[in-house]
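Participant: Here it is, the structure in full.
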Amino acid sequence: MIITNNTERGNLIEAGKRLAVVLRALKAKVVPNITAEELDDLAEELIRAKGDEPCFLGYTPEGASRPYPATLCVSINDEVVHGIPNESVKVLKKGDIVGLDLGLTHNDIVVDSAITVPVGEIGQEVSLLLDATERALAKGIAAANPGKHIGDISYAIQEEIEHAGFKVIRELGGHGVGNLVHEEPFIPNFGRPGEGELLVEGMVLALEPISTAGKAAITLAADGYTFRTKDGSRSAHFEHTILIERRGARIITQ
Ligand code: MG
Ligand code: MG
């Protein structure tokens with residue numbers, strides 16, 4: 001989406017604030033023995049309590065054979081993204097990491113954000129993976145200036161993750177957002193500066209570095225949604241919706 005007026009801009013900013021509040025509440029609930037389904041139920045309840053709509057529930061992404069059955073994506077350890085929280089019992093254990101990916105629609109504006117959260121104490125390498133991936137998101141955001149290109153974001157993300165000794169997942173990446181859950185342009189987490197679409201003021205983008213501590217190959221589970229690393233290595237994911245403004249990117253979902 002390209003924001004063209006102050007009403008849209010105000011709605012976008014409010015949508016992002018609301019999503020950030022829900023995601024923070026979910027993060028605080030991540031403790032050993034909570035189930036993915038409890039987090040999903042809470043996400044839906046908190047979104048609807050404010051009069052908004054969960055935008056992943058019932059959404060069929062391109063290439064999927066059925067609508068997504070939940071509000072929240074809960075991806076544990078080697079699950080990369082799109083883990084389904086409510087079709088089997090998934091209990092979080094101490095030492096796990098859990099990706100929480102959530103979107104909502106407020107006044108017709110769609111926003112999307114994700115965090116990866118440690119469950120209790122986690123190992124040092126995993127902790128470094130989370131830090132590097134979160135830093136990569138910050139670097140991608142810092143590169144998202146008008147006049148730059150998608151490739152500048154991609155390069156900044158890739159650099160940060162690979163410099164820390166990890167790998168980016170190449171099949172998945174960021175995207176335009178705002179009117180729909182997924183819009184053009186696709187934003188790879190690897191690339192070269194100056195390549196790809198030009199960034200212009202008003203663009204609304206979801207940046208989402210997705211990384212692994214092992215090999216970058218992934219597989220899709222039989223549920224049609226859950227991506228896992230092929231070698232069972234752990235994967236991290238952080239995402240913000242941003243708005244490109246004259247002086248640089250504004251983070252909408254914080
Ligand atoms: Mg997301
Ligand atoms: Mg997204």
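Going through the structure tokens in order, the chains are called A, B, and so on, while each chain numbers its residues from 1 and the ligands are numbered from 1 in the order shown.
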Residues near stretch 37-46 of chain A, anyone? I mean within 12 Å using only C-alpha atoms, not counting same-chain ones fewer than 4 positions away, as number ranges by chain.

Facilitator: A: 18-31, 33, 50-57, 69-75, 83-92, 98-105

Participant: Excluding A:Glu79 and residues on its chain fewer than 2 positions from it, collect all residues at most 10 Å away from it, counting only C-alpha atoms, and give them as a ChimeraX atom specification.

Facilitator: /A:74-77,81-83,97-99,218-221,226-230,232-236

Participant: Using only C-alpha atoms, pick whichever of A:Glu125, A:Asp112, A:Glu14, A:Glu245 has the shortest atom-to-atom distance to A:Gly202.

Facilitator: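 For A:Gly202, the nearest of the candidates is A:Glu245.
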
Participant: Can you pull out every residue within 9 Å of A:Gly16, counting only C-alpha atoms, but drop anything in the same chain fewer than 6 positions away, and send it as a ChimeraX atom specification?

Facilitator: /A:104,106,110-113,241,251-254

Participant: Neighbours of ligand 2 within 8 Å, counting only C-alpha atoms and all ligand atoms, as a ChimeraX atom specification?

Facilitator: /A:101,112-114,173-175,177,181-182,206-208,239

Participant: Could you pull out the helix (DSSP H, G or I) residues of stretch 99-179 of chain A from DSSP and send them as a ChimeraX atom specification?

Facilitator: /A:124-143,150-163

Participant: To one decimal place, how far is atom CA of A:Asp96 from atom CA of A:Ile122 in Å?

Facilitator: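 Taking atom CA of A:Asp96 as the start and atom CA of A:Ile122 as the end point, the length is 6.8 Å.
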
Participant: I'd like the interatomic distance between atom CA of A:Glu162 and atom CA of A:Gly140, to a tenth of an Å.

Facilitator: 13.7 Å

Participant: Considering only C-alpha atoms and all ligand atoms, can you say which of A:Thr133, A:Gln158, A:Thr212, A:Thr116 comes closest to ligand 1?

Facilitator: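 Result for the nearest residue to ligand 1: A:Thr116.
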